[in-house]
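Asks: Next comes coords_3.pdb, PDB, N, CA and C atoms:
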ATOM      1  N   ILE I1414     -53.428  87.184   2.604
ATOM      2  CA  ILE I1414     -52.614  86.062   2.190
ATOM      3  C   ILE I1414     -51.156  86.455   2.335
ATOM      4  N   ILE I1415     -50.369  85.587   2.955
ATOM      5  CA  ILE I1415     -48.942  85.828   3.130
ATOM      6  C   ILE I1415     -48.179  84.973   2.122
ATOM      7  N   PRO I1416     -47.338  85.590   1.294
ATOM      8  CA  PRO I1416     -46.577  84.797   0.324
ATOM      9  C   PRO I1416     -45.543  83.909   1.024
ATOM     10  N   ASP I1417     -45.157  82.814   0.378
ATOM     11  CA  ASP I1417     -44.192  81.887   0.962
ATOM     12  C   ASP I1417     -42.870  82.555   1.288
ATOM     13  N   SER I1418     -42.474  83.548   0.506
ATOM     14  CA  SER I1418     -41.196  84.212   0.747
ATOM     15  C   SER I1418     -41.214  85.052   2.031
ATOM     16  N   ALA I1419     -42.397  85.405   2.532
ATOM     17  CA  ALA I1419     -42.499  86.240   3.730
ATOM     18  C   ALA I1419     -42.705  85.425   4.998
ATOM     19  N   LYS I1420     -42.965  84.137   4.870
ATOM     20  CA  LYS I1420     -43.198  83.302   6.048
ATOM     21  C   LYS I1420     -41.885  83.014   6.763
ATOM     22  N   GLU I1421     -41.962  82.977   8.085
ATOM     23  CA  GLU I1421     -40.782  82.685   8.889
ATOM     24  C   GLU I1421     -40.460  81.205   8.799
ATOM     25  N   LYS I1422     -39.240  80.896   8.450
ATOM     26  CA  LYS I1422     -38.819  79.507   8.352
ATOM     27  C   LYS I1422     -38.045  79.148   9.615
ATOM     28  N   PRO I1423     -38.291  77.967  10.192
ATOM     29  CA  PRO I1423     -37.583  77.597  11.420
ATOM     30  C   PRO I1423     -36.087  77.406  11.183
ATOM     31  N   GLN I1424     -35.319  77.698  12.201
ATOM     32  CA  GLN I1424     -33.870  77.536  12.171
ATOM     33  C   GLN I1424     -33.504  76.261  12.927
ATOM     34  N   ARG I1425     -32.371  75.687  12.578
ATOM     35  CA  ARG I1425     -31.910  74.460  13.225
ATOM     36  C   ARG I1425     -30.717  74.799  14.116
ATOM     37  N   GLY I1426     -30.631  74.132  15.265
ATOM     38  CA  GLY I1426     -29.521  74.359  16.173
ATOM     39  C   GLY I1426     -29.227  73.119  16.993
ATOM     40  N   THR I1427     -28.123  73.154  17.714
ATOM     41  CA  THR I1427     -27.733  72.059  18.589
ATOM     42  C   THR I1427     -27.628  72.585  20.009
ATOM     43  N   VAL I1428     -28.171  71.847  20.959
ATOM     44  CA  VAL I1428     -28.149  72.243  22.363
ATOM     45  C   VAL I1428     -26.749  71.983  22.919
ATOM     46  N   VAL I1429     -26.114  73.026  23.462
ATOM     47  CA  VAL I1429     -24.789  72.875  24.059
ATOM     48  C   VAL I1429     -24.844  72.922  25.587
ATOM     49  N   ALA I1430     -25.952  73.406  26.150
ATOM     50  CA  ALA I1430     -26.144  73.436  27.599
ATOM     51  C   ALA I1430     -27.633  73.589  27.883
ATOM     52  N   ALA I1431     -28.067  73.047  29.011
ATOM     53  CA  ALA I1431     -29.475  73.159  29.406
ATOM     54  C   ALA I1431     -29.553  73.265  30.921
ATOM     55  N   GLY I1432     -30.440  74.127  31.385
ATOM     56  CA  GLY I1432     -30.631  74.301  32.818
ATOM     57  C   GLY I1432     -31.543  73.224  33.379
ATOM     58  N   PRO I1433     -31.809  73.274  34.680
ATOM     59  CA  PRO I1433     -32.621  72.244  35.326
ATOM     60  C   PRO I1433     -34.122  72.360  35.053
ATOM     61  N   GLY I1434     -34.571  73.500  34.529
ATOM     62  CA  GLY I1434     -36.001  73.700  34.295
ATOM     63  C   GLY I1434     -36.661  74.340  35.503
ATOM     64  N   LYS I1435     -37.993  74.311  35.499
ATOM     65  CA  LYS I1435     -38.750  74.866  36.615
ATOM     66  C   LYS I1435     -39.074  73.765  37.619
ATOM     67  N   LYS I1436     -39.573  74.166  38.760
ATOM     68  CA  LYS I1436     -39.881  73.208  39.828
ATOM     69  C   LYS I1436     -40.871  72.148  39.362
ATOM     70  N   ASP I1437     -41.937  72.573  38.683
ATOM     71  CA  ASP I1437     -42.980  71.646  38.240
ATOM     72  C   ASP I1437     -42.789  71.181  36.802
ATOM     73  N   GLU I1438     -41.819  71.761  36.079
ATOM     74  CA  GLU I1438     -41.595  71.423  34.671
ATOM     75  C   GLU I1438     -40.108  71.184  34.416
ATOM     76  N   PRO I1439     -39.646  69.939  34.559
ATOM     77  CA  PRO I1439     -38.230  69.681  34.282
ATOM     78  C   PRO I1439     -37.918  69.859  32.804
ATOM     79  N   THR I1440     -36.664  70.111  32.489
ATOM     80  CA  THR I1440     -36.226  70.318  31.111
ATOM     81  C   THR I1440     -36.312  69.013  30.331
ATOM     82  N   THR I1441     -36.808  69.080  29.088
ATOM     83  CA  THR I1441     -36.925  67.880  28.256
ATOM     84  C   THR I1441     -35.811  67.786  27.226
ATOM     85  N   VAL I1442     -35.114  68.886  26.939
ATOM     86  CA  VAL I1442     -34.008  68.835  25.979
ATOM     87  C   VAL I1442     -32.723  68.442  26.699
ATOM     88  N   LYS I1443     -31.831  67.775  25.969
ATOM     89  CA  LYS I1443     -30.555  67.355  26.518
ATOM     90  C   LYS I1443     -29.431  67.936  25.678
ATOM     91  N   VAL I1444     -28.258  67.997  26.244
ATOM     92  CA  VAL I1444     -27.084  68.461  25.509
ATOM     93  C   VAL I1444     -26.861  67.521  24.323
ATOM     94  N   GLY I1445     -26.668  68.108  23.144
ATOM     95  CA  GLY I1445     -26.457  67.326  21.933
ATOM     96  C   GLY I1445     -27.700  67.174  21.080
ATOM     97  N   ASP I1446     -28.887  67.483  21.625
ATOM     98  CA  ASP I1446     -30.125  67.411  20.845
ATOM     99  C   ASP I1446     -30.105  68.443  19.720
ATOM    100  N   THR I1447     -30.647  68.073  18.574
ATOM    101  CA  THR I1447     -30.833  69.007  17.474
ATOM    102  C   THR I1447     -32.264  69.517  17.560
ATOM    103  N   ILE I1448     -32.442  70.835  17.477
ATOM    104  CA  ILE I1448     -33.762  71.441  17.654
ATOM    105  C   ILE I1448     -34.106  72.362  16.492
ATOM    106  N   LEU I1449     -35.393  72.658  16.371
ATOM    107  CA  LEU I1449     -35.887  73.694  15.464
ATOM    108  C   LEU I1449     -36.453  74.813  16.319
ATOM    109  N   HIS I1450     -36.110  76.059  15.973
ATOM    110  CA  HIS I1450     -36.598  77.210  16.724
ATOM    111  C   HIS I1450     -36.904  78.339  15.761
ATOM    112  N   GLY I1451     -37.639  79.325  16.226
ATOM    113  CA  GLY I1451     -37.987  80.480  15.413
ATOM    114  C   GLY I1451     -36.774  81.327  15.071
ATOM    115  N   LYS I1452     -36.816  81.980  13.944
ATOM    116  CA  LYS I1452     -35.683  82.784  13.473
ATOM    117  C   LYS I1452     -35.352  83.921  14.437
ATOM    118  N   TYR I1453     -36.348  84.513  15.058
ATOM    119  CA  TYR I1453     -36.123  85.668  15.927
ATOM    120  C   TYR I1453     -36.283  85.326  17.404
ATOM    121  N   SER I1454     -36.271  84.056  17.775
ATOM    122  CA  SER I1454     -36.438  83.681  19.176
ATOM    123  C   SER I1454     -35.090  83.703  19.894
ATOM    124  N   GLY I1455     -35.113  83.915  21.180
ATOM    125  CA  GLY I1455     -33.901  83.888  21.982
ATOM    126  C   GLY I1455     -33.098  85.175  21.921
ATOM    127  N   THR I1456     -31.971  85.152  22.604
ATOM    128  CA  THR I1456     -31.057  86.282  22.672
ATOM    129  C   THR I1456     -29.682  85.832  22.198
ATOM    130  N   GLU I1457     -29.123  86.560  21.242
ATOM    131  CA  GLU I1457     -27.809  86.206  20.714
ATOM    132  C   GLU I1457     -26.719  86.694  21.661
ATOM    133  N   LEU I1458     -25.680  85.869  21.809
ATOM    134  CA  LEU I1458     -24.575  86.165  22.701
ATOM    135  C   LEU I1458     -23.292  85.656  22.059
ATOM    136  N   GLN I1459     -22.208  86.416  22.177
ATOM    137  CA  GLN I1459     -20.928  85.988  21.624
ATOM    138  C   GLN I1459     -19.923  85.874  22.759
ATOM    139  N   VAL I1460     -19.320  84.681  22.893
ATOM    140  CA  VAL I1460     -18.316  84.430  23.925
ATOM    141  C   VAL I1460     -17.077  83.858  23.254
ATOM    142  N   ASP I1461     -15.939  84.522  23.427
ATOM    143  CA  ASP I1461     -14.670  84.087  22.838
ATOM    144  C   ASP I1461     -14.778  83.847  21.340
ATOM    145  N   GLY I1462     -15.522  84.692  20.649
ATOM    146  CA  GLY I1462     -15.654  84.581  19.198
ATOM    147  C   GLY I1462     -16.648  83.550  18.722
ATOM    148  N   VAL I1463     -17.327  82.856  19.634
ATOM    149  CA  VAL I1463     -18.323  81.849  19.265
ATOM    150  C   VAL I1463     -19.715  82.415  19.539
ATOM    151  N   ASP I1464     -20.623  82.305  18.546
ATOM    152  CA  ASP I1464     -21.993  82.809  18.697
ATOM    153  C   ASP I1464     -22.875  81.760  19.352
ATOM    154  N   TYR I1465     -23.639  82.189  20.366
ATOM    155  CA  TYR I1465     -24.592  81.329  21.053
ATOM    156  C   TYR I1465     -25.958  81.997  21.018
ATOM    157  N   LEU I1466     -27.002  81.202  21.239
ATOM    158  CA  LEU I1466     -28.371  81.701  21.301
ATOM    159  C   LEU I1466     -28.984  81.169  22.588
ATOM    160  N   ILE I1467     -29.383  82.067  23.471
ATOM    161  CA  ILE I1467     -30.010  81.687  24.731
ATOM    162  C   ILE I1467     -31.513  81.811  24.553
ATOM    163  N   MET I1468     -32.242  80.741  24.878
ATOM    164  CA  MET I1468     -33.698  80.786  24.706
ATOM    165  C   MET I1468     -34.398  79.918  25.737
ATOM    166  N   ARG I1469     -35.675  80.185  25.878
ATOM    167  CA  ARG I1469     -36.522  79.371  26.742
ATOM    168  C   ARG I1469     -36.907  78.088  26.004
ATOM    169  N   GLU I1470     -37.181  77.063  26.749
ATOM    170  CA  GLU I1470     -37.584  75.808  26.126
ATOM    171  C   GLU I1470     -38.906  75.959  25.386
ATOM    172  N   SER I1471     -39.743  76.871  25.821
ATOM    173  CA  SER I1471     -41.035  77.096  25.155
ATOM    174  C   SER I1471     -40.875  77.692  23.768
ATOM    175  N   ASP I1472     -39.684  78.251  23.455
ATOM    176  CA  ASP I1472     -39.409  78.799  22.128
ATOM    177  C   ASP I1472     -38.986  77.733  21.112
ATOM    178  N   ILE I1473     -38.775  76.504  21.586
ATOM    179  CA  ILE I1473     -38.360  75.413  20.711
ATOM    180  C   ILE I1473     -39.586  74.795  20.064
ATOM    181  N   PHE I1474     -39.543  74.670  18.718
ATOM    182  CA  PHE I1474     -40.656  74.071  17.972
ATOM    183  C   PHE I1474     -40.614  72.555  18.036
ATOM    184  N   ALA I1475     -39.435  71.958  17.873
ATOM    185  CA  ALA I1475     -39.325  70.501  17.799
ATOM    186  C   ALA I1475     -37.926  70.046  18.184
ATOM    187  N   ILE I1476     -37.848  68.830  18.716
ATOM    188  CA  ILE I1476     -36.574  68.167  18.953
ATOM    189  C   ILE I1476     -36.458  67.085  17.898
ATOM    190  N   LEU I1477     -35.391  67.151  17.100
ATOM    191  CA  LEU I1477     -35.218  66.199  16.008
ATOM    192  C   LEU I1477     -34.436  64.983  16.440
TER     193      LEU I1477
END
Using C-alpha coordinates, write down the structure that the file contains.
Replies:
Amino acid sequence: IIPDSAKEKPQRGTVVAAGPGKKDEPTTVKVGDTILHGKYSGTELQVDGVDYLIMRESDIFAIL
(Lines of atoms letter the chains of each structure in order from A and count residues from 1; the text may use other names and numbers.)
(Lines give C-alpha, C1' and ligand atoms only; values in the text may rest on other atoms or scores of the structure.)
Protein backbone atom coordinates (compact mmCIF):
# COMPACT_ATOMS: atom_id res chain seq x y z
CA ILE A 1 0.00 0.00 0.00
CA ILE A 2 1.35 3.42 -0.96
CA PRO A 3 0.33 6.30 1.31
CA ASP A 4 -1.22 9.40 -0.29
CA SER A 5 1.78 11.50 0.72
CA ALA A 6 4.09 9.28 -1.38
CA LYS A 7 2.02 9.28 -4.57
CA GLU A 8 3.22 11.42 -7.45
CA LYS A 9 0.90 14.34 -8.05
CA PRO A 10 0.64 15.75 -11.59
CA GLN A 11 2.09 19.18 -12.31
CA ARG A 12 0.38 21.88 -14.36
CA GLY A 13 2.07 23.81 -17.16
CA THR A 14 1.43 25.94 -20.23
CA VAL A 15 2.68 25.05 -23.70
CA VAL A 16 4.93 27.81 -25.08
CA ALA A 17 6.12 25.94 -28.20
CA ALA A 18 5.33 22.68 -30.00
CA GLY A 19 7.05 20.83 -32.80
CA PRO A 20 5.38 19.32 -35.87
CA GLY A 21 5.18 15.80 -34.40
CA LYS A 22 6.03 12.57 -36.17
CA LYS A 23 5.23 11.66 -39.76
CA ASP A 24 2.28 9.43 -38.81
CA GLU A 25 1.39 11.22 -35.54
CA PRO A 26 0.87 14.98 -35.78
CA THR A 27 1.08 17.04 -32.58
CA THR A 28 -2.23 17.49 -30.74
CA VAL A 29 -1.14 20.20 -28.28
CA LYS A 30 -1.10 23.85 -29.29
CA VAL A 31 0.73 26.89 -27.96
CA GLY A 32 -1.23 28.26 -25.00
CA ASP A 33 -2.75 24.91 -23.95
CA THR A 34 -2.68 24.13 -20.24
CA ILE A 35 -1.47 20.58 -19.56
CA LEU A 36 -0.91 18.12 -16.73
CA HIS A 37 2.36 16.18 -16.70
CA GLY A 38 4.34 13.98 -14.34
CA LYS A 39 6.53 15.65 -11.72
CA TYR A 40 9.72 14.03 -13.02
CA SER A 41 8.92 13.98 -16.76
CA GLY A 42 10.88 15.97 -19.32
CA THR A 43 14.18 17.80 -19.14
CA GLU A 44 14.58 21.11 -17.33
CA LEU A 45 16.29 23.93 -19.20
CA GLN A 46 17.02 27.55 -18.25
CA VAL A 47 17.28 30.23 -20.95
CA ASP A 48 17.86 33.90 -20.05
CA GLY A 49 16.78 33.24 -16.46
CA VAL A 50 13.48 31.59 -17.47
CA ASP A 51 12.90 27.90 -16.61
CA TYR A 52 11.48 25.65 -19.33
CA LEU A 53 10.60 21.95 -19.43
CA ILE A 54 11.15 20.01 -22.66
CA MET A 55 9.10 16.83 -22.95
CA ARG A 56 7.55 14.39 -25.35
CA GLU A 57 3.85 14.60 -26.00
CA SER A 58 3.49 11.05 -24.65
CA ASP A 59 4.56 12.40 -21.22
CA ILE A 60 1.47 14.63 -21.06
CA PHE A 61 -1.38 13.22 -18.95
CA ALA A 62 -4.14 15.63 -20.03
CA ILE A 63 -4.89 18.82 -21.92
CA LEU A 64 -7.12 21.07 -19.83
Asks: I need the output of the PyMOL selection byres (((chain I and resi 1453-1456 and name CA) around 8) and name CA) for this file as a list in words; which residues are they?
Replies: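 Written out, the selection comes to His1450, Gly1451, Lys1452, Glu1457, Leu1458, Leu1466, Ile1467, Met1468, Arg1469 and Asp1472 of chain I.
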Asks: Taking the chain letters and numbering used in this document, name the residues of chain I that DSSP puts in strand (DSSP E), as JSON, numbers by chain.
Replies: {"I": [1424, 1425, 1426, 1427, 1447, 1448, 1449, 1450, 1456, 1457, 1458, 1459, 1460, 1463, 1464, 1465, 1466, 1467, 1473, 1474, 1475, 1476]}
Asks: Got a sec: who's within 7 Å of I:Lys1443, counting all atoms listed in the file, leaving out chain neighbours fewer than 3 positions off, as a CSV table (one decimal) with N, CA and C atoms, keeping the file's coordinate frame?
Replies:
chain,number,residue,atom,x,y,z
I,1428,VAL,N,-28.2,71.8,21.0
I,1428,VAL,CA,-28.1,72.2,22.4
I,1428,VAL,C,-26.7,72.0,22.9
I,1429,VAL,N,-26.1,73.0,23.5
I,1429,VAL,CA,-24.8,72.9,24.1
I,1429,VAL,C,-24.8,72.9,25.6
I,1430,ALA,N,-26.0,73.4,26.2
I,1430,ALA,CA,-26.1,73.4,27.6
I,1430,ALA,C,-27.6,73.6,27.9
I,1431,ALA,N,-28.1,73.0,29.0
I,1431,ALA,CA,-29.5,73.2,29.4
I,1431,ALA,C,-29.6,73.3,30.9
I,1440,THR,N,-36.7,70.1,32.5
I,1440,THR,CA,-36.2,70.3,31.1
I,1440,THR,C,-36.3,69.0,30.3
I,1446,ASP,N,-28.9,67.5,21.6
I,1446,ASP,CA,-30.1,67.4,20.8
I,1446,ASP,C,-30.1,68.4,19.7
Asks: Find, counting only C-alpha atoms, the residue in I:Ile1476, I:Glu1470, I:Val1463, I:Asp1437 that gets nearest to I:Leu1449.
Replies: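 Under the stated criterion, the closest residue is I:Ile1476.
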Asks: Using Å and a single decimal, report how far atom C of I:Leu1477 sits from atom N of I:Pro1423.
Replies: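 A separation of 14.9 Å between them.
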Asks: Around stretch 1447-1466 of chain I, fit a box with edges along x, y and z, padding it by 4 Å on each side, then list its centre and edge lengths in Å to one decimal as lines of an AutoDock Vina configuration file.
Replies:
center_x = -26.3
center_y = 77.4
center_z = 18.7
size_x = 31.3
size_y = 26.6
size_z = 18.5
Asks: Please determine, counting all atoms listed in the file, which residue among I:Ser1471, I:Tyr1465, I:Gly1445, I:Val1460 has the shortest atom-to-atom distance to I:Thr1427.
Replies: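 Closest to I:Thr1427 of all the choices is I:Gly1445.
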